[in-house]
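Worksheet: one structure, shown below.
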Amino acid sequence: MSGGEREKVRWMLAFAAALAVAIALTACGGSGAATPATNAAASGSPAAASAPATAASTPSVSANTDEALPASQTGGFDGARAFQDVAKLVSFGPHPSGSDGIHQAQQYIEGELKSYGCVFDEDNFHTPTPIGDMAMKNIVAKAPGTGSGIILLLTHYDTKRLANFVGAEDGGSSTGLMLETARLLCPLQGQDPNAVWIAFLDGEEAMVYWTDTDSVYGSRELAARMALSGDLKRVKAVILADMIGQKELKIPKETNSTKWLTELVWSTAARLGYGNIFVSRDMAIEDDHQPFLKRGVASVDLIDFDGFQAYWHTPQDTLDKVSARNLGIVGHVVLASVAELQKKSH
Ligand code: 1BN
Ligand code: ZN
């Protein structure tokens with residue numbers, strides 16, 4: 001099968017799965033926003049420890065709005081700040097690998113990391129692609145731990161190479177989430193057993209059609225570099241976020257992901273009251289976690305491909321598709337899952 005045919009089959013399978021889910025949801029009358037967690041201190045996240053404790057209460061915004069919940073209800077994670085980061089990334093216009101736009105995105109990410117006091121590495125590399133040799137850059141923020149283990153968080157910040165495509169949801173949402181996560185975790189460096197590394201990856205998107213060689217360039221590079229340096233052996237878990245900000249957010253269990261880690265994240269989400277966003281349906285998606293899985297590293301992909309939004313990979317993937325509320329909720333789950341992983345190492 002040619003690359004083009006494989007891409008078409010991938011689309012058809014994804015569409016059929018999404019259609020089945022939509023029919024099932026309609027039949028069950030399912031939809032609706034998440035039940036928010038009511039006590040940040042109960043989340044057990046490092047950020048929650050420093051966030052002001054709030055009494056269990058009704059959230060101050062209606063469950064139907066896309067406004068962010070107060071950070072005190074989401075473990076210190078500020079969904080409104082994450083949303084502003086997404087807005088900034090979108091303001092750079094299309095930013096596929098190798099473009100002028102991506103240089104602006106890189107400067108913004110690095111400027112933010114500096115302002116949070118994060119130590120970070122710039123991993124510059126060149127790679128052959130179907131449209132020629134391309135310069136790419138991964139940016140890896142590193143908050144050290146007291147021990148040798150690493151918890152690795154991933155997002156991609158490149159946008160799909162399509163005319164007028166700004167990737168608010170696809171590229172923007174998870175990058176806003178990881179910037180806000182870095183803002184909270186960098187100041188806590190040296191307090192927990194495992195280091196937390198947050199990698200902002202280039203080149204997730206295919207230059208032409210998604211194949212094993214035309215996709216996840218940045219992630220393949222990072223996994224290979226970490227294998228060479230010996231750091232890969234130190235990685236306890238990889239948590240990838242991708243397309244996690246949409247308004248009708250439903251994150252299925254991605255079935256290529258490592259089971260115990262998926263269960264850790266989903267049970268954390270359920271404990272925080274987000275069982276209607278972290279749903280129990282299964283879906284297989286190839287993404288930036290694949291190079292780490294192939295090298296035997298426990299990895300989970302948090303991705304909402306379930307809704308198969310009509311705006312995916314179109315110029316309609318704009319800021320109005322992103323919910324600050326859901327960014328806050330997924331951020332809360334990521335922080336609390338990191339805290340659970342840290343507890344396992346005590
Ligand atoms: C995620 C965002 N992906 C691309 N942009 C990965 C993907 C590939 C998702 C094929 C569905 C099908
Ligand atoms: Zn994409």
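By convention in this document, the chains of the structure tokens carry letters A, B, ... by their order, each chain's residues are numbered from 1, and ligands are numbered from 1 in the order they are shown.
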Report as a PyMOL selection string all protein, DNA and RNA residues lying within 8 Å of Ala182 (chain A), evaluated on only C-alpha atoms, omitting residues in the same chain fewer than 3 positions from it. chain A and resi 113+116+118+141+178-179+185-186+198
Per-residue nearest contacts of chain A to ligand 1 (6 Å; only C-alpha atoms and all ligand atoms) as JSON lines:
```
{"residue": "A:Asp170", "atom": "CA", "partner": "ligand 1", "partner_atom_place_in_ligand_line": "2 (C)", "distance": 5.5}
{"residue": "A:Glu205", "atom": "CA", "partner": "ligand 1", "partner_atom_place_in_ligand_line": "4 (C)", "distance": 5.8}
{"residue": "A:Ile285", "atom": "CA", "partner": "ligand 1", "partner_atom_place_in_ligand_line": "9 (C)", "distance": 5.7}
{"residue": "A:Glu286", "atom": "CA", "partner": "ligand 1", "partner_atom_place_in_ligand_line": "8 (C)", "distance": 5.7}
{"residue": "A:Asp287", "atom": "CA", "partner": "ligand 1", "partner_atom_place_in_ligand_line": "6 (C)", "distance": 4.9}
```
Between CA of Gly296 (chain A) and CA of Lys236 (chain A), distance in Å (one decimal):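 Between these atoms lies a distance of 10.7 Å.
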From the DSSP assignment of the backbone, select every residue of region 90-274 of chain A that is strand (DSSP E or B), and format the answer as a PyMOL selection string. chain A and resi 120-127+134-143+150-156+195-201+235-242+246+251-254
Would you write out those residues with N, CA and C atoms, as a compact mmCIF listing (two decimals), in the first residue's frame?
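To be explicit, this is the file written out as result-v5.txt:
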```txt
# COMPACT_ATOMS: atom_id res chain seq x y z
N PHE A 120 16.80 24.55 30.71
CA PHE A 120 16.38 23.76 29.55
C PHE A 120 17.52 23.56 28.56
N ASP A 121 17.40 22.47 27.79
CA ASP A 121 18.35 22.18 26.70
C ASP A 121 17.66 22.46 25.38
N GLU A 122 18.46 22.94 24.43
CA GLU A 122 17.98 23.05 23.04
C GLU A 122 18.63 21.92 22.28
N ASP A 123 17.85 21.02 21.73
CA ASP A 123 18.42 19.95 20.91
C ASP A 123 18.15 20.26 19.45
N ASN A 124 19.16 20.81 18.77
CA ASN A 124 19.03 21.11 17.34
C ASN A 124 19.47 19.90 16.53
N PHE A 125 18.71 19.59 15.51
CA PHE A 125 19.11 18.45 14.66
C PHE A 125 18.61 18.69 13.22
N HIS A 126 19.21 17.95 12.31
CA HIS A 126 18.76 17.98 10.91
C HIS A 126 18.25 16.61 10.57
N THR A 127 17.22 16.55 9.76
CA THR A 127 16.69 15.24 9.39
C THR A 127 16.22 15.26 7.94
N MET A 134 15.68 19.03 6.72
CA MET A 134 15.00 20.03 7.53
C MET A 134 15.71 20.20 8.87
N ALA A 135 15.85 21.47 9.29
CA ALA A 135 16.38 21.76 10.63
C ALA A 135 15.22 21.73 11.61
N MET A 136 15.42 21.04 12.72
CA MET A 136 14.36 20.97 13.75
C MET A 136 15.00 21.19 15.12
N LYS A 137 14.13 21.49 16.08
CA LYS A 137 14.63 21.75 17.44
C LYS A 137 13.67 21.22 18.50
N ASN A 138 14.18 20.37 19.37
CA ASN A 138 13.44 20.01 20.58
C ASN A 138 13.94 20.91 21.71
N ILE A 139 13.03 21.29 22.58
CA ILE A 139 13.39 22.10 23.75
C ILE A 139 13.00 21.28 24.98
N VAL A 140 13.98 21.01 25.84
CA VAL A 140 13.71 20.10 26.96
C VAL A 140 13.99 20.80 28.29
N ALA A 141 12.92 21.12 29.02
CA ALA A 141 13.06 21.71 30.36
C ALA A 141 13.34 20.59 31.35
N LYS A 142 14.25 20.84 32.30
CA LYS A 142 14.68 19.77 33.21
C LYS A 142 14.65 20.25 34.65
N ALA A 143 13.70 19.73 35.42
CA ALA A 143 13.65 20.02 36.86
C ALA A 143 14.23 18.82 37.58
N ILE A 150 13.68 9.67 36.07
CA ILE A 150 13.12 10.79 35.27
C ILE A 150 11.67 10.48 34.94
N ILE A 151 10.80 11.46 35.14
CA ILE A 151 9.43 11.40 34.59
C ILE A 151 9.45 12.35 33.40
N LEU A 152 9.10 11.83 32.23
CA LEU A 152 9.23 12.62 31.00
C LEU A 152 7.85 12.99 30.47
N LEU A 153 7.61 14.30 30.34
CA LEU A 153 6.35 14.79 29.78
C LEU A 153 6.61 15.30 28.37
N LEU A 154 5.68 15.02 27.45
CA LEU A 154 5.89 15.38 26.04
C LEU A 154 4.71 16.15 25.45
N THR A 155 5.03 17.08 24.57
CA THR A 155 4.04 17.74 23.71
C THR A 155 4.72 18.04 22.38
N HIS A 156 3.94 18.20 21.32
CA HIS A 156 4.56 18.74 20.09
C HIS A 156 4.06 20.16 19.86
N ALA A 195 13.46 13.41 38.72
CA ALA A 195 13.47 14.64 37.91
C ALA A 195 12.22 14.65 37.04
N VAL A 196 11.75 15.84 36.69
CA VAL A 196 10.69 15.93 35.68
C VAL A 196 11.26 16.68 34.49
N TRP A 197 11.27 16.02 33.35
CA TRP A 197 11.72 16.66 32.11
C TRP A 197 10.47 16.92 31.26
N ILE A 198 10.40 18.10 30.71
CA ILE A 198 9.25 18.46 29.86
C ILE A 198 9.79 18.79 28.48
N ALA A 199 9.47 17.92 27.51
CA ALA A 199 10.04 18.09 26.17
C ALA A 199 9.01 18.70 25.22
N PHE A 200 9.40 19.81 24.61
CA PHE A 200 8.60 20.49 23.58
C PHE A 200 9.18 20.02 22.25
N LEU A 201 8.42 19.17 21.57
CA LEU A 201 8.97 18.45 20.41
C LEU A 201 8.59 19.13 19.10
N VAL A 235 14.33 6.67 32.72
CA VAL A 235 12.94 7.15 32.58
C VAL A 235 11.96 6.14 33.18
N LYS A 236 11.19 6.62 34.17
CA LYS A 236 10.20 5.76 34.82
C LYS A 236 8.90 5.75 34.04
N ALA A 237 8.56 6.87 33.42
CA ALA A 237 7.28 6.97 32.70
C ALA A 237 7.31 8.16 31.77
N VAL A 238 6.62 7.99 30.64
CA VAL A 238 6.44 9.08 29.67
C VAL A 238 4.94 9.39 29.60
N ILE A 239 4.60 10.67 29.78
CA ILE A 239 3.20 11.09 29.60
C ILE A 239 3.17 12.10 28.46
N LEU A 240 2.51 11.70 27.37
CA LEU A 240 2.36 12.56 26.20
C LEU A 240 0.96 13.18 26.20
N ALA A 241 0.89 14.48 25.97
CA ALA A 241 -0.41 15.14 25.76
C ALA A 241 -0.46 15.68 24.34
N ASP A 242 -1.60 15.49 23.67
CA ASP A 242 -1.77 15.95 22.29
C ASP A 242 -3.27 16.11 22.04
N GLN A 246 -10.05 20.48 23.50
CA GLN A 246 -11.31 20.79 22.82
C GLN A 246 -12.49 20.85 23.78
N ILE A 251 -11.33 11.81 26.44
CA ILE A 251 -10.03 11.19 26.17
C ILE A 251 -10.18 9.68 26.34
N PRO A 252 -10.09 8.92 25.22
CA PRO A 252 -10.18 7.47 25.33
C PRO A 252 -8.86 6.89 25.81
N LYS A 253 -8.89 5.64 26.23
CA LYS A 253 -7.65 4.96 26.59
C LYS A 253 -6.94 4.55 25.30
N GLU A 254 -5.75 5.09 25.12
CA GLU A 254 -5.00 4.80 23.89
C GLU A 254 -4.34 3.44 24.07
```
Using only C-alpha atoms and all ligand atoms, determine which residues fall within 12 Å of ligand 2, then list them as a PyMOL selection string. chain A and resi 96+155-162+165-174+203-210+215-216+242-243+285-288+303-305+308-309+311-315+317
Go ahead and compute the interatomic distance for CA of Ala105 (chain A) and CA of Leu232 (chain A), in Å to one decimal.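 Computing it gives 26.9 Å between the two atoms.
Among A:Leu335, A:Leu89, A:Leu222, A:Ala163, the residue with the shortest atom-to-atom distance to Arg183 (chain A), counting only C-alpha atoms, is A:Leu335.
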Quick check for you: according to DSSP on this backbone, which residues of region 233-292 of chain A are classed as helix (DSSP H, G or I)? Reply as a count of residues only. 18
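Straight-line separation from CA of Phe92 (chain A) to CA of Gln104 (chain A): 6.6 Å.
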Residues near Ile277 (chain A), anyone? I mean within 7 Å using only C-alpha atoms, not counting same-chain ones fewer than 3 positions away, as a VMD selection string. chain A and resid 34 249 to 251 274
Excluding Gly328 (chain A) and its own-chain neighbours fewer than 2 positions away, which residues fall within 8 Å of it when counting only C-alpha atoms? Please give them as a ChimeraX atom specification. /A:68-69,71,74,77-80,82,177,324-326,330-332
Grab the residues selected above and save them as a PDB file, in the first residue's frame with N, CA and C atoms.
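The resulting again_11.pdb:
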```
ATOM      1  N   ALA A  68     -11.977  28.824  32.571  1.00  0.00           N
ATOM      2  CA  ALA A  68     -11.163  27.959  33.437  1.00  0.00           C
ATOM      3  C   ALA A  68     -11.718  27.942  34.854  1.00  0.00           C
ATOM      4  N   LEU A  69     -11.632  26.806  35.486  1.00  0.00           N
ATOM      5  CA  LEU A  69     -11.907  26.731  36.917  1.00  0.00           C
ATOM      6  C   LEU A  69     -10.799  27.501  37.653  1.00  0.00           C
ATOM      7  N   ALA A  71      -7.616  28.146  39.737  1.00  0.00           N
ATOM      8  CA  ALA A  71      -6.449  27.268  39.876  1.00  0.00           C
ATOM      9  C   ALA A  71      -6.475  26.511  41.203  1.00  0.00           C
ATOM     10  N   THR A  74      -7.862  23.202  40.682  1.00  0.00           N
ATOM     11  CA  THR A  74      -7.208  22.289  39.734  1.00  0.00           C
ATOM     12  C   THR A  74      -5.730  22.106  40.111  1.00  0.00           C
ATOM     13  N   PHE A  77      -2.966  24.375  38.927  1.00  0.00           N
ATOM     14  CA  PHE A  77      -2.835  24.548  37.471  1.00  0.00           C
ATOM     15  C   PHE A  77      -3.820  25.618  37.009  1.00  0.00           C
ATOM     16  N   ASP A  78      -3.312  26.612  36.312  1.00  0.00           N
ATOM     17  CA  ASP A  78      -4.137  27.741  35.887  1.00  0.00           C
ATOM     18  C   ASP A  78      -4.527  27.568  34.406  1.00  0.00           C
ATOM     19  N   GLY A  79      -5.739  27.078  34.186  1.00  0.00           N
ATOM     20  CA  GLY A  79      -6.209  26.843  32.816  1.00  0.00           C
ATOM     21  C   GLY A  79      -6.267  28.121  31.996  1.00  0.00           C
ATOM     22  N   ALA A  80      -6.527  29.250  32.659  1.00  0.00           N
ATOM     23  CA  ALA A  80      -6.587  30.534  31.933  1.00  0.00           C
ATOM     24  C   ALA A  80      -5.201  30.917  31.417  1.00  0.00           C
ATOM     25  N   ALA A  82      -2.781  28.759  30.738  1.00  0.00           N
ATOM     26  CA  ALA A  82      -2.475  27.809  29.650  1.00  0.00           C
ATOM     27  C   ALA A  82      -3.164  28.269  28.360  1.00  0.00           C
ATOM     28  N   LEU A 177      -0.562  23.614  27.797  1.00  0.00           N
ATOM     29  CA  LEU A 177      -0.641  22.806  29.021  1.00  0.00           C
ATOM     30  C   LEU A 177       0.742  22.529  29.597  1.00  0.00           C
ATOM     31  N   ALA A 324     -10.510  26.691  27.984  1.00  0.00           N
ATOM     32  CA  ALA A 324      -9.589  26.926  29.107  1.00  0.00           C
ATOM     33  C   ALA A 324      -9.936  25.991  30.264  1.00  0.00           C
ATOM     34  N   ARG A 325     -11.207  25.720  30.422  1.00  0.00           N
ATOM     35  CA  ARG A 325     -11.665  24.828  31.494  1.00  0.00           C
ATOM     36  C   ARG A 325     -11.053  23.429  31.333  1.00  0.00           C
ATOM     37  N   ASN A 326     -11.110  22.903  30.101  1.00  0.00           N
ATOM     38  CA  ASN A 326     -10.591  21.547  29.894  1.00  0.00           C
ATOM     39  C   ASN A 326      -9.062  21.514  29.945  1.00  0.00           C
ATOM     40  N   VAL A 330      -7.233  18.830  32.398  1.00  0.00           N
ATOM     41  CA  VAL A 330      -6.186  17.876  31.984  1.00  0.00           C
ATOM     42  C   VAL A 330      -4.862  18.222  32.684  1.00  0.00           C
ATOM     43  N   GLY A 331      -4.604  19.517  32.853  1.00  0.00           N
ATOM     44  CA  GLY A 331      -3.400  19.924  33.592  1.00  0.00           C
ATOM     45  C   GLY A 331      -3.418  19.395  35.009  1.00  0.00           C
ATOM     46  N   HIS A 332      -4.577  19.468  35.647  1.00  0.00           N
ATOM     47  CA  HIS A 332      -4.726  18.945  37.003  1.00  0.00           C
ATOM     48  C   HIS A 332      -4.399  17.445  37.041  1.00  0.00           C
TER      49      HIS A 332
END
```
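Comparing the minimum interatomic distances between Asp282 (chain A) and each of A:Asn164, A:Asn194, A:Thr268, A:Thr255, counting only C-alpha atoms, we find that A:Thr255 sits nearest.
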